[in-house]
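J.: Please see the structure below; I have some questions.
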Amino acid sequence: MNEENLFQKYKLSDSLELNNRIIMAPLTRCFASEDLVPNKLAIPYYEKRADAGLIISEATLIRKDGQGYPGTPGIYTQSQIDAWSEITKAVHQKGGKIFLQLWHCGRVAHTFYTNQPTLAPSAVKVEGRVPRTKDLQYEMPKELQIAEIKQLVVDYQTSAKNAIQAGFDGVEIHGANGYLIDQFLHYSSNTRADSYGGNPKNMSRFCLEVIDAICSEIGSDKVGIRLSPAAYFNMDTNPLDPDVFKHLLSEIDKRNLAYIHSGIFDDSVEYDYLEGNVTSFLRKNYKGTVIGAGSYTKQSASLAISEHKMDLIAFGRPFIANSDLVEKLKTNQEITPYTDVMLMELV
């Protein structure tokens with residue numbers, strides 16, 4: 001099989017062409033200081049990986065009350081914008097492209113980090129321990145009021161504006177993996193009975209309002225979104241969920257975004273209620289560019305692209321362990337395996 005398709009240029013939008021089809025997935029690295037400013041370690045980390053067709057940054061908070069992990073960066077203060085500007089400059093000097101992933105943890109945030117109430121679509125608690133803590137448990141969140149939802153839309157829009165000011169080529173809206181936007185899209189976490197819950201149209205409303213606000217600010221060609229139709233992380237399943245995502249995807253199709261990105265750790269897993277894996281569900285219900293992700297190899301990714309199951313492939317953990325991943329893939333060098341001890345290391 002010819003695997004050169006991974007290294008072909010790809011026209012992502014009218015304003016952006018990628019040097020290859022290999023995407024660096026967003027990877028939380030906890031490189032931020034106490035005021036959530038990216039530290040100096042982040043500059044060489046991203047710079048070394050600039051030969052990816054597109055880097056998607058680690059998840060970045062649109063405001064303080066969205067924090068659920070230690071040391072995660074923000075994009076809502078001038079000092080944060082200035083620090084990100086150094087990173088985007090370094091990536092661009094190496095010929096790379098980079099999007100900022102916009103994030104709010106919703107009910108997966110914690111007052112331990114925020115000193116503010118934990119917010120969510122509904123007062124439905126996630127059970128279990130907060131990651132990277134010894135015994136900190138998740139809290140019962142406060143249900144968002146309509147005015148608070150409208151303010152969140154404004155804050156997403158402002159963060160996208162800040163990202164462009166910081167030199168990013170665009171933004172990815174984090175609508176996956178059980179965080180705030182994803183919490184609106186699943187019945188187990190959204191029990192609202194107003195215009196933001198109860199049926200696919202209402203449950204999609206917040207996500208679409210965020211998309212529209214950001215597109216009006218920076219242009220749809222600079223906007224991507226990551227989605228998790230499968231409730232596999234921080235979320236319980238419901239057989240009605242696929243109808244929400246079918247409606248959402250039909251609406252996103254009208255908005256001419258740069259791409260949709262599959263939010264999944266292992267795309268070989270198939271879900272009965274999706275009638276296949278996550279990426280195939282997105283492809284079936286969305287006409288634009290699809291980024292596949294989830295434990296692909298060079299061979300499986302190349303085959304999937306050749307069979308039009310996806311257009312681009314995002315690698316995550318291999319990029320942590322191999323700053324020169326693109327070159328290794330191109331020249332068939334051995335890929336250094338990822339290990340958990342690498343999670344907090346710069347390599």
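Identifiers for the structure tokens are assigned positionally: chains receive A, B, ... in sequence, residues are indexed from 1 per chain, and ligands are indexed from 1 in the order shown.
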Report as JSON lines: every residue of stretch 34-116 of chain A with an atom at most 12 Å from stretch 4-9 of chain A, its closest pair of atoms, and their distance in Å to one decimal, counting only C-alpha atoms, with rows sorted by chain and ascending residue number.

T.:
```
{"residue": "A:Asp51", "atom": "CA", "partner": "A:Phe7", "partner_atom": "CA", "distance": 10.6}
{"residue": "A:Ala52", "atom": "CA", "partner": "A:Phe7", "partner_atom": "CA", "distance": 9.7}
{"residue": "A:Gly53", "atom": "CA", "partner": "A:Lys9", "partner_atom": "CA", "distance": 8.1}
{"residue": "A:Leu54", "atom": "CA", "partner": "A:Lys9", "partner_atom": "CA", "distance": 11.1}
```

J.: Contacts between stretch 112-131 of chain A and stretch 166-189 of chain A, please, where a residue of stretch 166-189 of chain A counts if it comes within 8 Å (with only C-alpha atoms); show its shortest atom pair and distance in Å to one decimal, rows by chain and ascending number, as CSV.

T.:
```
residue,atom,partner,partner_atom,distance
A:Leu180,CA,A:Ala120,CA,6.6
A:Gln183,CA,A:Pro121,CA,6.7
A:Phe184,CA,A:Pro121,CA,5.9
A:Ser189,CA,A:Val124,CA,6.0
```

J.: Please save C-alpha atoms of the selected residues as an mmCIF file, in the first residue's frame.

T.:
```cif
data_model
loop_
_atom_site.group_PDB
_atom_site.id
_atom_site.type_symbol
_atom_site.label_atom_id
_atom_site.label_comp_id
_atom_site.auth_asym_id
_atom_site.auth_seq_id
_atom_site.Cartn_x
_atom_site.Cartn_y
_atom_site.Cartn_z
ATOM 1 C CA LEU A 180 -18.868 21.697 29.078
ATOM 2 C CA GLN A 183 -22.335 17.991 28.611
ATOM 3 C CA PHE A 184 -25.090 19.853 26.760
ATOM 4 C CA SER A 189 -25.669 15.198 31.754
#
```

J.: Need to verify the contact set: stretch 81-95 of chain A, 7 Å, only C-alpha atoms, exclusion of same-chain residues closer than 6 positions in sequence. Can you return it as a list of chain:residue names?

T.: A:Val37, A:Pro38, A:Ile43, A:Tyr46, A:Glu47, A:Ala50, A:Ile75, A:Asn162, A:Ala166, A:Gly167, A:Phe168

J.: Keeping N, CA and C atoms for every residue in the selection just given, could you write it to a file as a PDB file, in the first residue's frame?

T.:
```
ATOM      1  N   VAL A  37      -0.490  31.003  32.816  1.00  0.00           N
ATOM      2  CA  VAL A  37       0.285  31.511  31.685  1.00  0.00           C
ATOM      3  C   VAL A  37       1.210  30.400  31.194  1.00  0.00           C
ATOM      4  N   PRO A  38       1.210  30.074  29.897  1.00  0.00           N
ATOM      5  CA  PRO A  38       2.128  29.049  29.398  1.00  0.00           C
ATOM      6  C   PRO A  38       3.572  29.404  29.742  1.00  0.00           C
ATOM      7  N   ILE A  43       7.479  26.626  24.633  1.00  0.00           N
ATOM      8  CA  ILE A  43       7.980  27.153  23.355  1.00  0.00           C
ATOM      9  C   ILE A  43       8.731  26.082  22.574  1.00  0.00           C
ATOM     10  N   TYR A  46       6.360  22.970  21.368  1.00  0.00           N
ATOM     11  CA  TYR A  46       5.585  23.153  20.148  1.00  0.00           C
ATOM     12  C   TYR A  46       6.483  23.376  18.931  1.00  0.00           C
ATOM     13  N   GLU A  47       7.546  24.117  19.119  1.00  0.00           N
ATOM     14  CA  GLU A  47       8.455  24.417  18.003  1.00  0.00           C
ATOM     15  C   GLU A  47       9.019  23.140  17.381  1.00  0.00           C
ATOM     16  N   ALA A  50       6.651  21.424  14.801  1.00  0.00           N
ATOM     17  CA  ALA A  50       6.057  22.309  13.801  1.00  0.00           C
ATOM     18  C   ALA A  50       5.967  21.692  12.415  1.00  0.00           C
ATOM     19  N   ILE A  75      -6.492  31.681  28.025  1.00  0.00           N
ATOM     20  CA  ILE A  75      -6.370  32.630  26.911  1.00  0.00           C
ATOM     21  C   ILE A  75      -7.290  33.826  27.178  1.00  0.00           C
ATOM     22  N   ASN A 162      -8.922  36.575  21.182  1.00  0.00           N
ATOM     23  CA  ASN A 162      -7.617  36.601  21.841  1.00  0.00           C
ATOM     24  C   ASN A 162      -6.632  35.657  21.171  1.00  0.00           C
ATOM     25  N   ALA A 166      -3.050  36.421  19.542  1.00  0.00           N
ATOM     26  CA  ALA A 166      -1.831  35.723  19.948  1.00  0.00           C
ATOM     27  C   ALA A 166      -1.110  35.067  18.769  1.00  0.00           C
ATOM     28  N   GLY A 167      -1.665  35.174  17.580  1.00  0.00           N
ATOM     29  CA  GLY A 167      -0.975  34.671  16.400  1.00  0.00           C
ATOM     30  C   GLY A 167      -1.399  33.304  15.920  1.00  0.00           C
ATOM     31  N   PHE A 168      -2.440  32.714  16.525  1.00  0.00           N
ATOM     32  CA  PHE A 168      -2.897  31.405  16.072  1.00  0.00           C
ATOM     33  C   PHE A 168      -3.546  31.508  14.688  1.00  0.00           C
TER      34      PHE A 168
END
```

J.: Within 9 Å of A:Ile225, counting only C-alpha atoms, which residues show up once you throw out same-chain ones fewer than 3 positions away? Write them as a PDB file with C-alpha atoms, in the first residue's frame, please.

T.:
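New file around_19.pdb:
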```
ATOM      1  CA  GLN A 101      -8.196  24.516  21.415  1.00  0.00           C
ATOM      2  CA  VAL A 171      -9.211  27.731  16.905  1.00  0.00           C
ATOM      3  CA  GLU A 172     -10.654  24.336  17.706  1.00  0.00           C
ATOM      4  CA  ILE A 173     -13.742  24.350  19.915  1.00  0.00           C
ATOM      5  CA  HIS A 174     -13.455  21.549  22.464  1.00  0.00           C
ATOM      6  CA  GLY A 175     -16.906  20.005  22.266  1.00  0.00           C
ATOM      7  CA  ALA A 176     -15.811  16.505  23.270  1.00  0.00           C
ATOM      8  CA  ILE A 211     -19.811  28.202  16.843  1.00  0.00           C
ATOM      9  CA  LEU A 257     -16.110  25.115   9.242  1.00  0.00           C
ATOM     10  CA  ALA A 258     -12.489  24.159   8.627  1.00  0.00           C
ATOM     11  CA  TYR A 259     -13.042  20.655  10.026  1.00  0.00           C
ATOM     12  CA  ILE A 260     -14.617  18.313  12.542  1.00  0.00           C
ATOM     13  CA  HIS A 261     -12.218  16.317  14.726  1.00  0.00           C
ATOM     14  CA  SER A 262     -13.058  12.914  16.195  1.00  0.00           C
TER      15      SER A 262
END
```

J.: Go ahead and compute the interatomic distance for atom CA of A:Tyr138 and atom CA of A:Gly66, in Å to one decimal.

T.: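 Atom-to-atom, atom CA of A:Tyr138 to atom CA of A:Gly66, that is 13.5 Å.
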
J.: As a JSON list (two decimals) with C-alpha atoms, in the first residue's frame, please: the residues near A:Thr336 (cut-off 10 Å, only C-alpha atoms, same-chain neighbours under 3 positions excluded).

T.:
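File produced: result-v9.json:
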```
[["chain", "number", "residue", "atom", "x", "y", "z"],
["A", 318, "PRO", "CA", 3.16, 9.37, 19.71],
["A", 319, "PHE", "CA", 3.82, 13.12, 19.40],
["A", 320, "ILE", "CA", 4.66, 13.29, 23.13],
["A", 321, "ALA", "CA", 7.24, 10.54, 22.79],
["A", 322, "ASN", "CA", 8.55, 11.63, 19.37],
["A", 323, "SER", "CA", 9.06, 15.31, 18.68],
["A", 325, "LEU", "CA", 7.23, 11.98, 14.56],
["A", 328, "LYS", "CA", 10.06, 9.13, 11.54],
["A", 333, "GLN", "CA", 12.03, 4.84, 11.52],
["A", 339, "THR", "CA", 4.79, 5.65, 28.52]]
```

J.: When you count only C-alpha atoms, which of these residues is closest to A:Asn202: A:Met310, A:Ile218, A:Leu248, A:Ala163?

T.: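 The closest residue to A:Asn202 is A:Leu248.
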
J.: Per DSSP on the backbone, what are the alpha helix (DSSP H) residues of stretch 257-316 of chain A, as a compact mmCIF listing (two decimals) with C-alpha atoms, in the first residue's frame?

T.:
```txt
# COMPACT_ATOMS: atom_id res chain seq x y z
CA VAL A 278 -16.85 7.47 16.08
CA THR A 279 -15.07 8.62 12.93
CA SER A 280 -17.37 6.65 10.64
CA PHE A 281 -20.38 8.25 12.39
CA LEU A 282 -18.95 11.73 11.76
CA ARG A 283 -18.16 10.91 8.13
CA LYS A 284 -21.65 9.54 7.54
CA ASN A 285 -23.34 12.63 8.96
CA LYS A 298 0.85 4.97 9.88
CA GLN A 299 -0.56 2.04 7.95
CA SER A 300 -4.11 2.14 9.33
CA ALA A 301 -4.31 5.92 8.97
CA SER A 302 -3.08 5.84 5.39
CA LEU A 303 -5.58 3.13 4.51
CA ALA A 304 -8.44 5.04 6.14
CA ILE A 305 -7.56 8.17 4.17
CA SER A 306 -7.27 6.23 0.91
```

J.: Counting only C-alpha atoms, give me one row per residue of stretch 38-64 of chain A with an atom at most 12 Å from an atom of stretch 139-154 of chain A, showing the shortest contact pair and its distance in Å to one decimal, sorted by chain then residue number, as CSV.

T.:
```
residue,atom,partner,partner_atom,distance
A:Leu61,CA,A:Leu152,CA,11.8
A:Ile62,CA,A:Leu152,CA,8.8
A:Arg63,CA,A:Leu152,CA,9.0
A:Lys64,CA,A:Leu152,CA,11.8
```

J.: Please identify all polymer residues within 12 Å of A:Gly219, counting only C-alpha atoms, omitting same-chain residues fewer than 6 positions from it, and present them as a VMD selection string.

T.: chain A and resid 13 to 15 157 160 to 161 164 169 to 171 211 to 213 255 to 258

J.: For the selection just defined, write its residues with N, CA and C atoms to a file, as a tab-separated table (two decimals), in the first residue's frame.

T.:
```tsv
chain	number	residue	atom	x	y	z
A	13	SER	N	-8.86	25.07	3.98
A	13	SER	CA	-9.87	26.11	3.73
A	13	SER	C	-9.31	27.03	2.65
A	14	ASP	N	-10.10	28.03	2.28
A	14	ASP	CA	-9.63	28.99	1.28
A	14	ASP	C	-8.41	29.76	1.75
A	15	SER	N	-8.23	29.84	3.07
A	15	SER	CA	-7.13	30.64	3.62
A	15	SER	C	-5.98	29.82	4.18
A	157	GLN	N	-16.33	33.56	22.41
A	157	GLN	CA	-16.05	34.48	21.30
A	157	GLN	C	-14.83	35.34	21.60
A	160	ALA	N	-11.63	33.36	21.29
A	160	ALA	CA	-11.22	33.18	19.89
A	160	ALA	C	-10.53	34.43	19.36
A	161	LYS	N	-11.09	35.58	19.70
A	161	LYS	CA	-10.46	36.85	19.31
A	161	LYS	C	-9.06	36.95	19.91
A	164	ILE	N	-6.51	34.76	18.00
A	164	ILE	CA	-6.01	35.38	16.77
A	164	ILE	C	-5.01	36.48	17.11
A	169	ASP	N	-3.44	30.43	13.93
A	169	ASP	CA	-4.04	30.38	12.61
A	169	ASP	C	-5.54	30.11	12.67
A	170	GLY	N	-6.02	29.70	13.82
A	170	GLY	CA	-7.44	29.43	14.01
A	170	GLY	C	-7.65	28.82	15.37
A	171	VAL	N	-8.88	28.34	15.62
A	171	VAL	CA	-9.21	27.73	16.90
A	171	VAL	C	-9.97	26.43	16.67
A	211	ILE	N	-20.37	28.23	18.19
A	211	ILE	CA	-19.81	28.20	16.84
A	211	ILE	C	-20.11	29.50	16.11
A	212	ASP	N	-21.37	29.92	16.13
A	212	ASP	CA	-21.77	31.11	15.39
A	212	ASP	C	-21.07	32.36	15.91
A	213	ALA	N	-20.94	32.46	17.23
A	213	ALA	CA	-20.28	33.64	17.81
A	213	ALA	C	-18.81	33.69	17.40
A	255	ARG	N	-22.38	25.54	8.04
A	255	ARG	CA	-21.58	26.65	8.53
A	255	ARG	C	-20.16	26.71	7.96
A	256	ASN	N	-19.80	25.75	7.13
A	256	ASN	CA	-18.53	25.81	6.39
A	256	ASN	C	-17.32	25.95	7.31
A	257	LEU	N	-17.27	25.11	8.35
A	257	LEU	CA	-16.11	25.12	9.24
A	257	LEU	C	-14.88	24.51	8.56
A	258	ALA	N	-13.72	24.73	9.16
A	258	ALA	CA	-12.49	24.16	8.63
A	258	ALA	C	-12.50	22.64	8.72
```

J.: With distances taken over only C-alpha atoms, which of A:Asp182, A:Glu58, A:Glu251, A:Asp243 is nearest to A:Met24?

T.: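 Ranked by minimum distance to A:Met24, first place goes to A:Glu58.
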
J.: Please extract the residues of stretch 29-63 of chain A with a backbone DSSP assignment of strand (DSSP E or B) and present them as a ChimeraX atom specification.

T.: /A:32,38,54-61

J.: What separation in Å, quoted to one decimal, exists between atom CA of A:Asp155 and atom CA of A:Gly198?

T.: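 We find that atom CA of A:Asp155 and atom CA of A:Gly198 lie 24.8 Å from each other.
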
J.: When you count only C-alpha atoms, which of these residues is closest to A:Gly106: A:Leu227, A:Val210, A:Leu18, A:Ile181?

T.: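 Of all the options, A:Ile181 lies closest to A:Gly106.
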
J.: I want to know what sits within 10 Å of A:Tyr296, based on only C-alpha atoms, with residues of the same chain fewer than 6 positions away left out; could you give that as a PyMOL selection string?

T.: chain A and resi 265-268+302+304+313-316

J.: Write a file of the selected residues as a PDB file, in the first residue's frame, keeping N, CA and C atoms.

T.:
```
ATOM      1  N   PHE A 265     -10.330   7.990  22.191  1.00  0.00           N
ATOM      2  CA  PHE A 265      -9.006   7.469  22.513  1.00  0.00           C
ATOM      3  C   PHE A 265      -8.644   6.271  21.651  1.00  0.00           C
ATOM      4  N   ASP A 266      -9.651   5.483  21.261  1.00  0.00           N
ATOM      5  CA  ASP A 266      -9.395   4.276  20.462  1.00  0.00           C
ATOM      6  C   ASP A 266     -10.510   4.129  19.439  1.00  0.00           C
ATOM      7  N   ASP A 267     -10.208   4.449  18.196  1.00  0.00           N
ATOM      8  CA  ASP A 267     -11.240   4.456  17.163  1.00  0.00           C
ATOM      9  C   ASP A 267     -11.507   3.072  16.587  1.00  0.00           C
ATOM     10  N   SER A 268     -10.835   2.055  17.116  1.00  0.00           N
ATOM     11  CA  SER A 268     -11.161   0.693  16.698  1.00  0.00           C
ATOM     12  C   SER A 268     -12.405   0.169  17.427  1.00  0.00           C
ATOM     13  N   SER A 302      -3.207   5.689   6.842  1.00  0.00           N
ATOM     14  CA  SER A 302      -3.079   5.841   5.390  1.00  0.00           C
ATOM     15  C   SER A 302      -4.200   5.110   4.662  1.00  0.00           C
ATOM     16  N   ALA A 304      -7.182   4.352   5.878  1.00  0.00           N
ATOM     17  CA  ALA A 304      -8.442   5.037   6.139  1.00  0.00           C
ATOM     18  C   ALA A 304      -8.600   6.272   5.256  1.00  0.00           C
ATOM     19  N   ILE A 313      -5.344  12.808   9.734  1.00  0.00           N
ATOM     20  CA  ILE A 313      -5.169  11.915  10.877  1.00  0.00           C
ATOM     21  C   ILE A 313      -4.457  12.655  12.008  1.00  0.00           C
ATOM     22  N   ALA A 314      -5.025  12.603  13.200  1.00  0.00           N
ATOM     23  CA  ALA A 314      -4.411  13.214  14.378  1.00  0.00           C
ATOM     24  C   ALA A 314      -3.728  12.143  15.216  1.00  0.00           C
ATOM     25  N   PHE A 315      -2.454  12.362  15.505  1.00  0.00           N
ATOM     26  CA  PHE A 315      -1.712  11.513  16.429  1.00  0.00           C
ATOM     27  C   PHE A 315      -1.520  12.274  17.732  1.00  0.00           C
ATOM     28  N   GLY A 316      -1.723  11.587  18.860  1.00  0.00           N
ATOM     29  CA  GLY A 316      -1.592  12.215  20.161  1.00  0.00           C
ATOM     30  C   GLY A 316      -0.354  11.772  20.898  1.00  0.00           C
TER      31      GLY A 316
END
```

J.: Which is closer to A:Tyr232 than all the others in A:His247, A:His186, A:Ser216, A:Arg205, using only C-alpha atoms?

T.: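 For A:Tyr232, the nearest of the candidates is A:His186.
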